[in-house]
Every structure is written in structure tokens, then in C-alpha cells.
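Colleague: Sharing model.csv (CSV, C-alpha atoms and all ligand atoms) below.
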chain,number,residue,atom,x,y,z
A,211,MET,CA,29.0,-10.2,-1.9
A,212,ASP,CA,26.8,-10.5,1.2
A,213,ILE,CA,24.0,-8.1,1.5
A,214,LYS,CA,24.9,-5.7,4.4
A,215,ILE,CA,22.2,-3.1,3.9
A,216,THR,CA,18.7,-4.5,3.4
A,217,LEU,CA,15.6,-2.8,1.9
A,218,MET,CA,13.9,-3.2,5.3
A,219,ASP,CA,14.8,-4.5,8.8
A,220,LEU,CA,12.0,-6.2,10.6
A,221,LYS,CA,14.3,-7.8,13.2
A,222,LYS,CA,15.4,-4.3,14.3
A,223,GLN,CA,11.8,-3.1,14.4
A,224,TYR,CA,10.7,-6.1,16.5
A,225,ALA,CA,13.5,-5.5,19.0
A,226,THR,CA,11.9,-2.1,19.8
A,227,VAL,CA,8.5,-3.5,20.6
A,228,LYS,CA,9.4,-7.1,21.7
A,229,ASP,CA,8.6,-6.9,25.4
A,230,GLU,CA,5.1,-5.6,24.9
A,231,ILE,CA,4.3,-7.9,22.0
A,232,ASP,CA,5.6,-11.0,23.6
A,233,LYS,CA,3.6,-10.3,26.7
A,234,ALA,CA,0.4,-9.7,24.6
A,235,ILE,CA,1.0,-13.0,22.7
A,236,GLN,CA,1.5,-14.9,25.9
A,237,GLY,CA,-1.8,-13.5,27.2
A,238,ILE,CA,-3.7,-14.7,24.1
A,239,LEU,CA,-2.0,-18.1,24.3
A,240,ALA,CA,-3.1,-18.4,27.9
A,241,SER,CA,-6.7,-17.4,27.0
A,242,GLN,CA,-6.8,-19.7,23.9
A,243,SER,CA,-9.2,-17.2,22.4
A,244,PHE,CA,-8.0,-16.6,18.8
A,245,ILE,CA,-11.0,-15.4,16.7
A,246,MET,CA,-13.2,-12.3,16.8
A,247,GLY,CA,-12.0,-11.3,20.3
A,248,LYS,CA,-11.4,-8.1,22.2
A,249,GLU,CA,-7.9,-7.6,20.7
A,250,MET,CA,-9.5,-7.4,17.2
A,251,ARG,CA,-12.2,-5.0,18.3
A,252,LEU,CA,-9.7,-2.7,20.2
A,253,PHE,CA,-7.4,-2.6,17.2
A,254,GLU,CA,-10.3,-1.8,14.9
A,255,GLU,CA,-11.3,1.1,17.2
A,256,HIS,CA,-7.7,2.4,17.3
A,257,LEU,CA,-7.2,2.1,13.6
A,258,ALA,CA,-10.4,4.0,12.8
A,259,GLN,CA,-9.3,6.8,15.2
A,260,TYR,CA,-5.8,6.8,13.6
A,261,CYS,CA,-7.2,7.2,10.1
A,262,GLY,CA,-9.8,9.7,11.1
A,263,VAL,CA,-12.8,7.6,10.1
A,264,LYS,CA,-15.8,6.2,11.9
A,265,HIS,CA,-15.2,2.5,11.2
A,266,ALA,CA,-12.4,0.1,10.6
A,267,ILE,CA,-13.0,-3.6,10.0
A,268,GLY,CA,-10.2,-6.1,10.3
A,269,VAL,CA,-9.9,-8.7,7.5
A,270,ASN,CA,-7.4,-11.4,6.4
A,271,SER,CA,-5.2,-9.4,4.0
A,272,GLY,CA,-5.0,-6.3,1.9
A,273,THR,CA,-6.1,-8.3,-1.1
A,274,ASP,CA,-9.3,-9.4,0.8
A,275,ALA,CA,-9.8,-5.8,1.9
A,276,LEU,CA,-9.9,-4.7,-1.7
A,277,LEU,CA,-12.1,-7.6,-2.8
A,278,LEU,CA,-14.6,-7.2,0.1
A,279,ALA,CA,-14.8,-3.4,-0.5
A,280,LEU,CA,-15.7,-4.1,-4.2
A,281,LYS,CA,-18.3,-6.7,-3.2
A,282,ALA,CA,-19.8,-4.3,-0.7
A,283,ILE,CA,-20.6,-1.8,-3.5
A,284,ASP,CA,-22.3,-4.7,-5.4
A,285,ILE,CA,-20.0,-4.9,-8.3
A,286,ASN,CA,-21.5,-7.2,-11.0
A,287,GLU,CA,-20.2,-9.0,-14.1
A,288,GLY,CA,-19.6,-6.4,-16.8
A,289,ASP,CA,-18.9,-3.5,-14.5
A,290,GLU,CA,-15.7,-1.6,-14.9
A,291,VAL,CA,-13.3,-0.2,-12.2
A,292,ILE,CA,-10.7,2.4,-13.1
A,293,THR,CA,-7.4,2.0,-11.4
A,294,SER,CA,-3.7,2.6,-11.8
A,295,PRO,CA,-1.6,0.4,-14.0
A,296,PHE,CA,1.4,1.0,-11.8
A,297,THR,CA,0.8,-1.0,-8.6
A,298,PHE,CA,1.2,-4.4,-7.0
A,299,PHE,CA,-0.7,-7.1,-8.9
A,300,ALA,CA,-3.3,-7.5,-6.1
A,301,THR,CA,-5.1,-4.3,-7.0
A,302,ALA,CA,-6.0,-5.5,-10.5
A,303,GLU,CA,-6.5,-9.1,-9.3
A,304,ALA,CA,-9.1,-8.0,-6.7
A,305,ILE,CA,-11.0,-6.2,-9.5
A,306,VAL,CA,-11.0,-9.3,-11.7
A,307,ASN,CA,-12.0,-11.5,-8.8
A,308,SER,CA,-15.0,-9.2,-8.0
A,309,GLY,CA,-16.3,-9.9,-11.5
A,310,ALA,CA,-15.4,-6.5,-12.9
A,311,LYS,CA,-13.1,-5.5,-15.6
A,312,PRO,CA,-10.0,-3.5,-14.6
A,313,VAL,CA,-9.6,-0.3,-16.7
A,314,PHE,CA,-6.3,1.5,-16.4
A,315,ALA,CA,-5.7,5.2,-16.5
A,316,ASP,CA,-2.1,6.2,-16.9
A,317,ILE,CA,0.0,7.7,-14.1
A,318,SER,CA,1.7,11.0,-13.4
A,319,GLU,CA,5.5,10.7,-13.8
A,320,ASP,CA,6.1,12.9,-10.8
A,321,SER,CA,4.1,11.0,-8.2
A,322,PHE,CA,3.7,7.5,-9.9
A,323,ASN,CA,0.0,7.8,-8.8
A,324,ILE,CA,-3.0,7.7,-11.1
A,325,ASP,CA,-3.2,10.9,-13.2
A,326,PRO,CA,-6.6,12.5,-12.5
A,327,ASP,CA,-6.5,14.1,-15.9
A,328,LYS,CA,-6.5,10.7,-17.5
A,329,ILE,CA,-9.5,9.3,-15.7
A,330,GLU,CA,-12.5,10.9,-17.3
A,331,GLU,CA,-11.6,9.6,-20.8
A,332,LYS,CA,-11.8,6.0,-19.4
A,333,ILE,CA,-15.3,6.4,-18.0
A,334,THR,CA,-18.0,4.4,-19.8
A,335,LYS,CA,-21.6,3.6,-19.0
A,336,ASN,CA,-20.3,0.4,-17.2
A,337,THR,CA,-17.9,2.3,-14.9
A,338,LYS,CA,-18.8,1.7,-11.2
A,339,ALA,CA,-15.8,2.8,-9.2
A,340,ILE,CA,-12.4,4.4,-9.2
A,341,MET,CA,-9.7,2.7,-7.2
A,342,PRO,CA,-6.7,5.0,-6.8
A,343,VAL,CA,-3.5,3.4,-5.3
A,344,HIS,CA,-1.4,5.5,-2.9
A,345,ILE,CA,1.8,4.1,-4.3
A,346,PHE,CA,5.1,3.9,-2.3
A,347,GLY,CA,3.5,5.8,0.7
A,348,GLN,CA,2.3,9.0,-1.0
A,349,ALA,CA,-1.4,9.9,-1.4
A,350,ALA,CA,-2.9,10.2,-4.8
A,351,GLU,CA,-4.6,13.5,-5.8
A,352,MET,CA,-7.8,12.7,-4.0
A,353,GLU,CA,-9.5,16.0,-4.3
A,354,LYS,CA,-9.6,15.9,-8.1
A,355,ILE,CA,-10.6,12.2,-8.0
A,356,ALA,CA,-13.4,12.9,-5.6
A,357,LEU,CA,-14.8,15.6,-8.0
A,358,ILE,CA,-14.7,13.3,-11.0
A,359,ALA,CA,-16.4,10.5,-8.9
A,360,GLN,CA,-19.1,12.9,-7.8
A,361,LYS,CA,-19.7,14.2,-11.3
A,362,HIS,CA,-20.2,10.7,-12.7
A,363,GLY,CA,-21.8,9.0,-9.7
A,364,LEU,CA,-18.9,6.6,-9.1
A,365,LYS,CA,-17.7,5.1,-5.9
A,366,VAL,CA,-14.1,5.5,-4.7
A,367,ILE,CA,-12.1,2.7,-3.0
A,368,GLU,CA,-8.6,3.7,-2.0
A,369,ASP,CA,-5.8,1.1,-2.1
A,370,CYS,CA,-4.0,2.2,1.0
A,371,ALA,CA,-1.8,-0.9,1.3
A,372,GLN,CA,1.4,1.1,1.1
A,373,ALA,CA,0.3,4.3,2.6
A,374,ILE,CA,-1.0,3.9,6.2
A,375,GLY,CA,-0.6,7.3,7.9
A,376,ALA,CA,0.2,9.2,4.7
A,377,ALA,CA,-1.7,12.4,4.6
A,378,ARG,CA,-2.8,14.9,2.0
A,379,ASN,CA,-3.9,18.4,3.0
A,380,GLY,CA,-4.2,17.2,6.6
A,381,LYS,CA,-6.4,14.2,5.8
A,382,LYS,CA,-5.1,10.6,6.2
A,383,THR,CA,-5.4,8.0,3.5
A,384,GLY,CA,-8.4,5.8,3.9
A,385,SER,CA,-10.6,8.7,4.9
A,386,PHE,CA,-11.1,10.2,1.4
A,387,GLY,CA,-13.1,7.6,-0.5
A,388,ASP,CA,-16.2,5.5,0.3
A,389,MET,CA,-13.7,2.9,1.6
A,390,GLY,CA,-10.0,2.4,2.2
A,391,ALA,CA,-8.3,-0.9,2.0
A,392,PHE,CA,-5.2,-1.5,4.1
A,393,SER,CA,-2.6,-4.3,4.1
A,394,PHE,CA,-0.7,-5.5,7.2
A,395,TYR,CA,1.6,-7.8,5.2
A,396,PRO,CA,4.8,-8.0,7.4
A,397,GLY,CA,6.8,-5.7,5.1
A,398,LYS,CA,4.3,-2.9,5.0
A,399,ASN,CA,4.8,0.2,7.1
A,400,LEU,CA,2.4,-1.4,9.7
A,401,GLY,CA,3.1,-5.1,9.5
A,402,ALA,CA,1.6,-8.1,11.3
A,403,PHE,CA,3.3,-11.4,12.1
A,404,GLY,CA,1.6,-12.9,9.1
A,405,ASP,CA,-1.2,-11.7,6.8
A,406,GLY,CA,-3.8,-9.1,7.8
A,407,GLY,CA,-5.8,-6.2,6.4
A,408,ALA,CA,-8.6,-3.8,7.1
A,409,VAL,CA,-11.3,-1.8,5.4
A,410,THR,CA,-12.1,1.8,6.6
A,411,THR,CA,-15.3,3.7,6.0
A,412,ASN,CA,-17.5,6.5,7.3
A,413,SER,CA,-20.6,4.7,6.1
A,414,GLU,CA,-22.5,2.5,8.6
A,415,LYS,CA,-24.2,0.7,5.7
A,416,LEU,CA,-20.8,-0.2,4.1
A,417,ARG,CA,-19.4,-1.2,7.5
A,418,ASP,CA,-22.3,-3.6,8.1
A,419,LYS,CA,-21.8,-5.1,4.7
A,420,ILE,CA,-18.1,-5.7,5.2
A,421,LEU,CA,-18.8,-7.2,8.7
A,422,LEU,CA,-21.2,-9.7,7.0
A,423,LEU,CA,-18.9,-10.5,4.1
A,424,ARG,CA,-15.8,-11.2,6.2
A,425,ASN,CA,-17.6,-13.8,8.3
A,426,HIS,CA,-19.7,-16.0,6.0
A,427,GLY,CA,-22.6,-13.6,6.0
A,428,SER,CA,-23.4,-14.6,9.5
A,429,SER,CA,-26.2,-12.6,11.0
A,430,PRO,CA,-24.9,-10.3,13.9
A,431,THR,CA,-27.9,-11.3,16.0
A,432,GLU,CA,-28.2,-15.0,15.2
A,433,LYS,CA,-24.8,-16.7,14.5
A,434,TYR,CA,-26.0,-19.7,12.4
A,435,SER,CA,-28.4,-17.6,10.3
A,436,ASN,CA,-26.4,-16.7,7.2
A,437,VAL,CA,-27.9,-13.8,5.4
A,438,ALA,CA,-25.3,-13.2,2.7
A,439,ILE,CA,-22.7,-15.2,0.8
A,440,GLY,CA,-19.5,-14.0,2.3
A,441,CYS,CA,-16.2,-15.7,3.1
A,442,ASN,CA,-13.8,-16.4,5.9
A,443,SER,CA,-11.7,-13.3,6.1
A,444,ARG,CA,-11.2,-12.4,9.7
A,445,LEU,CA,-8.3,-10.7,11.3
A,446,ASP,CA,-7.2,-13.0,14.1
A,447,ASN,CA,-6.6,-11.8,17.7
A,448,LEU,CA,-2.8,-12.6,17.6
A,449,GLN,CA,-2.3,-10.3,14.6
A,450,ALA,CA,-4.6,-7.6,16.0
A,451,ALA,CA,-2.7,-7.6,19.3
A,452,VAL,CA,0.6,-7.2,17.4
A,453,LEU,CA,-0.8,-4.5,15.2
A,454,ASP,CA,-2.4,-2.6,18.1
A,455,ILE,CA,1.0,-2.3,19.8
A,456,LYS,CA,2.9,-1.3,16.6
A,457,LEU,CA,0.2,1.3,15.8
A,458,LYS,CA,1.2,3.3,18.9
A,459,ALA,CA,4.7,3.6,17.5
A,460,LEU,CA,3.7,4.1,13.9
A,461,ASP,CA,3.8,7.9,13.7
A,462,LYS,CA,7.3,8.0,15.1
A,463,TRP,CA,8.3,5.4,12.6
A,464,LEU,CA,6.7,7.3,9.7
A,465,GLN,CA,8.4,10.5,10.7
A,466,TYR,CA,11.7,8.8,10.7
A,467,ARG,CA,11.0,7.4,7.2
A,468,ASN,CA,10.0,10.8,6.0
A,469,LYS,CA,13.2,12.3,7.3
A,470,ALA,CA,15.4,9.5,5.9
A,471,GLY,CA,13.7,10.0,2.5
A,472,ALA,CA,14.3,13.8,2.6
A,473,TYR,CA,18.0,13.1,3.4
A,474,TYR,CA,18.3,10.8,0.4
A,475,SER,CA,16.6,13.3,-1.9
A,476,GLN,CA,18.9,16.1,-0.7
A,477,GLU,CA,22.1,14.0,-1.2
A,478,LEU,CA,21.0,12.5,-4.5
A,479,SER,CA,20.1,15.6,-6.4
A,480,ASN,CA,22.5,16.7,-9.2
A,481,LEU,CA,23.0,13.2,-10.4
A,482,PRO,CA,21.6,11.6,-13.7
A,483,LEU,CA,18.7,10.1,-11.8
A,484,THR,CA,15.4,11.4,-10.5
A,485,PRO,CA,14.6,11.2,-6.8
A,486,PRO,CA,10.9,10.7,-5.9
A,487,LYS,CA,8.9,13.9,-5.9
A,488,THR,CA,6.5,15.1,-3.3
A,489,THR,CA,4.5,18.3,-2.8
A,490,ASP,CA,3.6,20.6,0.1
A,491,ALA,CA,0.1,19.0,0.1
A,492,ASN,CA,1.5,15.6,0.8
A,493,VAL,CA,3.1,13.9,3.8
A,494,HIS,CA,5.1,11.1,2.2
A,495,THR,CA,5.7,8.0,4.3
A,496,PHE,CA,8.2,6.3,2.0
A,497,HIS,CA,7.0,2.8,2.2
A,498,LEU,CA,9.5,2.5,-0.6
A,499,TYR,CA,12.1,5.1,-1.7
A,500,SER,CA,12.0,4.8,-5.4
A,501,LEU,CA,14.1,6.6,-8.0
A,502,LYS,CA,14.2,6.7,-11.8
A,503,MET,CA,17.1,6.4,-14.1
A,504,LYS,CA,18.1,5.0,-17.5
A,505,ASN,CA,19.7,1.5,-17.2
A,506,ARG,CA,18.4,1.0,-13.7
A,507,ASP,CA,19.3,-2.7,-14.0
A,508,GLY,CA,23.0,-1.7,-14.1
A,509,MET,CA,22.5,0.3,-11.0
A,510,ILE,CA,20.7,-2.5,-9.1
A,511,GLN,CA,23.6,-4.9,-10.0
A,512,HIS,CA,26.2,-2.3,-8.9
A,513,LEU,CA,24.4,-1.8,-5.5
A,514,LEU,CA,24.2,-5.6,-5.0
A,515,ASP,CA,27.9,-5.9,-5.8
A,516,ASN,CA,28.4,-3.3,-3.0
A,517,GLY,CA,26.4,-5.2,-0.5
A,518,ILE,CA,23.3,-3.1,-0.8
A,519,GLU,CA,19.9,-4.5,-1.5
A,520,SER,CA,18.0,-2.8,-4.3
A,521,ARG,CA,15.0,-3.9,-6.4
A,522,ALA,CA,12.7,-2.8,-9.2
A,523,TYR,CA,9.2,-2.1,-7.7
A,524,TYR,CA,7.5,-2.8,-10.2
A,525,PRO,CA,9.1,-4.0,-13.4
A,526,TYR,CA,5.8,-4.5,-15.3
A,527,PRO,CA,2.7,-2.3,-15.5
A,528,MET,CA,-0.5,-4.2,-15.0
A,529,HIS,CA,-1.6,-4.1,-18.7
A,530,LEU,CA,1.6,-6.0,-19.7
A,531,GLN,CA,1.1,-8.7,-17.0
A,532,PRO,CA,0.7,-12.2,-18.7
A,533,ALA,CA,-2.4,-12.9,-16.6
A,534,LEU,CA,-4.1,-9.7,-17.9
A,535,LYS,CA,-3.2,-10.2,-21.5
A,536,TYR,CA,-6.9,-11.1,-22.2
A,537,LEU,CA,-7.7,-7.4,-21.7
A,538,GLY,CA,-6.0,-6.8,-25.1
A,539,LEU,CA,-4.0,-3.8,-24.1
A,540,LYS,CA,-0.8,-3.3,-26.1
A,541,LYS,CA,2.6,-2.0,-25.2
A,542,GLY,CA,2.5,1.8,-25.8
A,543,SER,CA,-1.1,2.2,-24.6
A,544,LEU,CA,-0.1,3.5,-21.2
A,545,PRO,CA,3.3,5.1,-21.9
A,546,VAL,CA,4.0,6.8,-18.6
A,547,SER,CA,3.5,3.6,-16.6
A,548,GLU,CA,5.7,1.7,-19.1
A,549,LYS,CA,8.5,4.2,-18.9
A,550,VAL,CA,8.4,4.3,-15.1
A,551,ALA,CA,8.4,0.5,-14.9
A,552,ASP,CA,11.5,0.5,-17.1
A,553,GLU,CA,13.3,3.1,-15.0
A,554,ILE,CA,12.3,2.6,-11.4
A,555,PHE,CA,14.3,1.1,-8.6
A,556,SER,CA,14.1,1.2,-4.8
A,557,ILE,CA,16.9,1.6,-2.2
A,558,PRO,CA,16.9,0.7,1.5
A,559,ILE,CA,14.6,2.7,3.8
A,560,HIS,CA,13.0,1.8,7.1
A,561,GLU,CA,12.1,3.2,10.5
A,562,ASN,CA,15.5,2.4,12.0
A,563,ILE,CA,18.0,2.9,9.1
A,564,PRO,CA,21.1,4.5,10.5
A,565,LYS,CA,22.3,7.7,8.7
A,566,THR,CA,25.7,5.9,8.3
A,567,ASP,CA,23.9,3.2,6.2
A,568,GLN,CA,22.2,5.9,4.1
A,569,ASP,CA,25.6,7.5,3.5
A,570,ILE,CA,27.0,4.1,2.3
A,571,VAL,CA,24.1,3.8,-0.1
A,572,ILE,CA,24.5,7.4,-1.3
A,573,GLU,CA,28.3,7.0,-1.9
A,574,ALA,CA,27.7,3.7,-3.8
A,575,ILE,CA,25.2,5.4,-6.1
A,576,LYS,CA,27.6,8.3,-6.7
A,577,LYS,CA,30.4,5.9,-7.5
A,578,TYR,CA,28.3,4.2,-10.2
A,579,PHE,CA,28.3,7.4,-12.2
A,580,LEU,CA,32.1,7.8,-11.9
A,581,LYS,CA,32.7,4.4,-13.5
B,601,LIG,C1,0.6,-5.3,-0.5
B,601,LIG,C2,-0.4,-4.7,-1.5
B,601,LIG,C3,-1.6,-5.3,-1.7
B,601,LIG,C4,-2.0,-6.6,-1.1
B,601,LIG,O1,-2.0,-6.7,0.3
B,601,LIG,P1,-1.8,-8.2,0.9
B,601,LIG,O2,-2.0,-7.9,2.4
B,601,LIG,O3,-0.5,-8.7,0.6
B,601,LIG,O4,-2.9,-9.0,0.4
B,601,LIG,C5,-2.5,-4.6,-2.5
B,601,LIG,N1,-2.2,-3.4,-3.1
B,601,LIG,C6,-0.9,-2.9,-2.9
B,601,LIG,C7,-0.6,-1.6,-3.6
B,601,LIG,C8,0.0,-3.5,-2.1
B,601,LIG,O5,1.2,-3.0,-2.0
The structure given in the file should be rewritten as C-alpha cells.
Ligand SMILES: *Cc1c(COP(=O)(O)O)cnc(C)c1O
Modeller:
Amino acid sequence: MDIKITLMDLKKQYATVKDEIDKAIQGILASQSFIMGKEMRLFEEHLAQYCGVKHAIGVNSGTDALLLALKAIDINEGDEVITSPFTFFATAEAIVNSGAKPVFADISEDSFNIDPDKIEEKITKNTKAIMPVHIFGQAAEMEKIALIAQKHGLKVIEDCAQAIGAARNGKKTGSFGDMGAFSFYPGKNLGAFGDGGAVTTNSEKLRDKILLLRNHGSSPTEKYSNVAIGCNSRLDNLQAAVLDIKLKALDKWLQYRNKAGAYYSQELSNLPLTPPKTTDANVHTFHLYSLKMKNRDGMIQHLLDNGIESRAYYPYPMHLQPALKYLGLKKGSLPVSEKVADEIFSIPIHENIPKTDQDIVIEAIKKYFLK
């Protein structure tokens, strides 16, 4: 059966901002100025304001944002970074590419985020940083994580790729740690027309390091004097212009997602599945609406048969990924993340999903249990 209700709908989103974006793109095409221009600087300024931080630095992708943030705190070979095993692969990959060893602390079954009570037992003399991931658009327990980091002298880098605009106790993600790493991959809640990312920070020193790293270590005062080994990871003007326009609509989009999520949760209670949990402290932005149930593969197939897109985000915890086998972590070592990976599935949610589509999804899920 053809898919009628998709997980996201970027065409619909584009239609709501098309005039303004097309005009901005035409302007950049006319100027033929593509790199490190005023569009990038304006977006960086607006993003910093939005997140409630002093600085935002545009980079090439969320993956690069994570990697450059790690490089900026001088990670060396043999260092360890504690993170969540339940995330997109890029989180762990960035840690490996920085030269460090990823160390996984298990997650909370309620939030799917790293469990602060599991972090301290993973700290060794080699631990340099904690990298919590705000998974699915809900902030991790940053207050507890900050206390642990302070006590042990560790840096905190937030993986905010899925959680722009998500707040906890009135503070936005990307403003809790030493740095926040954002992704503007097209399907993220704030998506570019290609790849993009950003690092946020309140530290001038870290900002200056990221500025160097993203552009070949090129001295800010003398372009062809290269004072650090960096890379080419700039956010281009076309992407920045698109993002700056979408950023103005973001709060409205996130509010809609939050409402749509609440509606699902209300209608899907009292079934043999677990809707995502949130707390009064958190403003959830539902990048993904993910539920848990036994035999989720049967449910995914049933929904597909009914024209509804559904997928397991994510079927494998990091420690069971083939590429990370060398870490020597066995099945059973992080049981909560393993259970969640076995039971999780996501259903359609986006900033324009009609309630009538949600009702079709809800009815299809209910029908599955009557079979
Ligand atoms: C998308 C994502 C990334 C990587 O971002 P890219 O822009 O695709 O490089 C990192 N971490 C998480 C949790 C993500 O969802």
C-alpha cells in the first residue's frame, strides 16, 4: 500500500515559508557571495539569542559541531567521554574521531535520556567530558549532570541535534553545558536545504577555538596565517539564509509539535504500549514521537500496511553497533538501552500534521490490538 501519512512533511513546511526563502536565495545568487557572509553572521546572532547563549558558531553539520566541540576542549588519545548508548551513531562516532574512547552510561526508561545516576560509576581518571544527548526533542536531566561534572572537573557538551528549542526549567538546550552541538540536517526540527550545524557556548575562549577550527585555523587578523590545525567546516550563506527565515517560525512549529504529541499521548493511553513520558520540568519538542511495546516490528508492519510510515529509531544501542565492537561491550551490559532499542517505534509527527491524520494513525494502532 502507498504511504499516505509520512513521518515528516518537508514539502508542506516549505510551502509556508517559500516566498521569503526563494527571495533570499535569489538575492544570494545575484550577489554570488556564498561563504562566511552576512547571512551566516546574522543567523549565528539570532541562533545565540534564541538559545539564550552569548555565542553561536555555524558549522557544516551536527556531526562536525560535536567533533569541533570535542577538539576545542583538547581531547587527546586515551581520554574518555561519557555519553548515552541510545542515540544516533554520530554522537559516538564524533567521540571516536576526536581520539577519545566513548564510554556509555545506561539510559532512563522514562525519558530515553542518559540516566544521571549511572554516570558516576563510569568516571575514571581518563574521563574528560560528559556528552548528554537530548533524545527525540526532550532535554536530559542537566541539573544533575552539571553537579556531577562540577564535582569531578569534567566538561559538558550537549548533543542538541534533535532538541533545538526544547527547554528544561525555563532554560533552552545548548545553554546548560560548556557547549551545545546542533544539527540542521533537513529532517531535524530546524532543517536546512542540505547539511548544516552549529556550536553554542557562553565562553569567549571556546568560541574563538571553534572559529579557528571551522576554518583551517586561519588567523582572524591575517587570513593566510594559519595558527591551528582545523578543517573546512563552514555554514554556507545559502543554508544560513534558509535557517534564519525558518528560525522565526520555529517556536510556532514546536508548539504545534508539542500539542500534537500531547494529543497522541491522550488518545493512546490504556493500550498495551507506553507513550513517551515527559515531566513538568521539560518542554518536549517531539522531534520524534516514540512509543514502546512488545513486538514493535509487528506494529510497524501493520501501520505500513495501512499506509502509515513508522520506523524504529533506533534499533541498536551504540555498544552493539558493529563498528564499535572493538570496545568489547557485551549484550546485557546496558540493559535499559537494549530493551528500549527492542521496543521503540516512531509514528508520524510534524509541524503541520492535521488532526485528521493523527486520528487515522490512532485508529490504526487501536485496530492492531483488536486483531
Ligand atoms: C542528526 C544527529 C546528529 C548528526 O547531525 P548531522 O547534521 O546529520 O551530522 C548527531 N546526533 C544526533 C542525536 C542526531 O540526531
Colleague: Taking all atoms listed in the file and a cut-off of 8 Å, can you tell me which residues surround ligand LIG 601 (chain B), written as a PDB file with C-alpha atoms, in the frame of the given file?
Modeller:
ATOM      1  CA  ASN A 270      -7.400 -11.400   6.400  1.00  0.00           C
ATOM      2  CA  SER A 271      -5.200  -9.400   4.000  1.00  0.00           C
ATOM      3  CA  GLY A 272      -5.000  -6.300   1.900  1.00  0.00           C
ATOM      4  CA  THR A 273      -6.100  -8.300  -1.100  1.00  0.00           C
ATOM      5  CA  ASP A 274      -9.300  -9.400   0.800  1.00  0.00           C
ATOM      6  CA  ALA A 275      -9.800  -5.800   1.900  1.00  0.00           C
ATOM      7  CA  LEU A 276      -9.900  -4.700  -1.700  1.00  0.00           C
ATOM      8  CA  THR A 297       0.800  -1.000  -8.600  1.00  0.00           C
ATOM      9  CA  PHE A 298       1.200  -4.400  -7.000  1.00  0.00           C
ATOM     10  CA  PHE A 299      -0.700  -7.100  -8.900  1.00  0.00           C
ATOM     11  CA  ALA A 300      -3.300  -7.500  -6.100  1.00  0.00           C
ATOM     12  CA  THR A 301      -5.100  -4.300  -7.000  1.00  0.00           C
ATOM     13  CA  VAL A 343      -3.500   3.400  -5.300  1.00  0.00           C
ATOM     14  CA  HIS A 344      -1.400   5.500  -2.900  1.00  0.00           C
ATOM     15  CA  ILE A 345       1.800   4.100  -4.300  1.00  0.00           C
ATOM     16  CA  PHE A 346       5.100   3.900  -2.300  1.00  0.00           C
ATOM     17  CA  ASP A 369      -5.800   1.100  -2.100  1.00  0.00           C
ATOM     18  CA  CYS A 370      -4.000   2.200   1.000  1.00  0.00           C
ATOM     19  CA  ALA A 371      -1.800  -0.900   1.300  1.00  0.00           C
ATOM     20  CA  GLN A 372       1.400   1.100   1.100  1.00  0.00           C
ATOM     21  CA  PHE A 392      -5.200  -1.500   4.100  1.00  0.00           C
ATOM     22  CA  SER A 393      -2.600  -4.300   4.100  1.00  0.00           C
ATOM     23  CA  PHE A 394      -0.700  -5.500   7.200  1.00  0.00           C
ATOM     24  CA  TYR A 395       1.600  -7.800   5.200  1.00  0.00           C
ATOM     25  CA  LYS A 398       4.300  -2.900   5.000  1.00  0.00           C
ATOM     26  CA  ASP A 405      -1.200 -11.700   6.800  1.00  0.00           C
ATOM     27  CA  GLY A 406      -3.800  -9.100   7.800  1.00  0.00           C
ATOM     28  CA  GLY A 407      -5.800  -6.200   6.400  1.00  0.00           C
TER      29      GLY A 407
END
Colleague: Using all atoms listed in the file, I'd like a table of the residues in region 372-402 of chain A that come within 12 Å of region 554-571 of chain A; for each, show the closest atom pair and its distance in Å rounded to one decimal, ordered by chain and ascending number, as a tab-separated table.
Modeller:
residue	atom	partner	partner_atom	distance
A:Gly397	CA	A:His560	CA	9.9
A:Lys398	CA	A:His560	CA	10.1
A:Asn399	CA	A:His560	CA	8.4
A:Leu400	CA	A:Glu561	CA	10.8
Colleague: Give the answer as one residue: which of A:Lys214, A:Lys264, A:Lys487, A:Lys233 has the shortest atom-to-atom distance to Glu414 (chain A), using only C-alpha atoms?
Modeller: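 So, comparing all the options, the nearest one is A:Lys264.
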Colleague: List the spatial neighbours of Met503 (chain A) as an MDAnalysis selection string - criterion: any atom at most 10 Å away, all atoms listed in the file, same-chain residues fewer than 6 positions off excluded.
Modeller: chainID A and resid 481:485 509 550 552:555
Colleague: Find the nearest atom pair between each residue of region 268-304 of chain A and region 316-322 of chain A for residues within 8 Å, count only C-alpha atoms, give distances in Å to one decimal, sort rows by chain and ascending number, and present the table as JSON lines.
Modeller:
{"residue": "A:Ser294", "atom": "CA", "partner": "A:Asp316", "partner_atom": "CA", "distance": 6.4}
{"residue": "A:Pro295", "atom": "CA", "partner": "A:Asp316", "partner_atom": "CA", "distance": 6.5}
{"residue": "A:Phe296", "atom": "CA", "partner": "A:Phe322", "partner_atom": "CA", "distance": 7.2}
Colleague: What separation in Å, quoted to one decimal, exists between CA of Leu422 (chain A) and CA of Ala240 (chain A)?
Modeller: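 CA of Leu422 (chain A) sits 29.0 Å away from CA of Ala240 (chain A).
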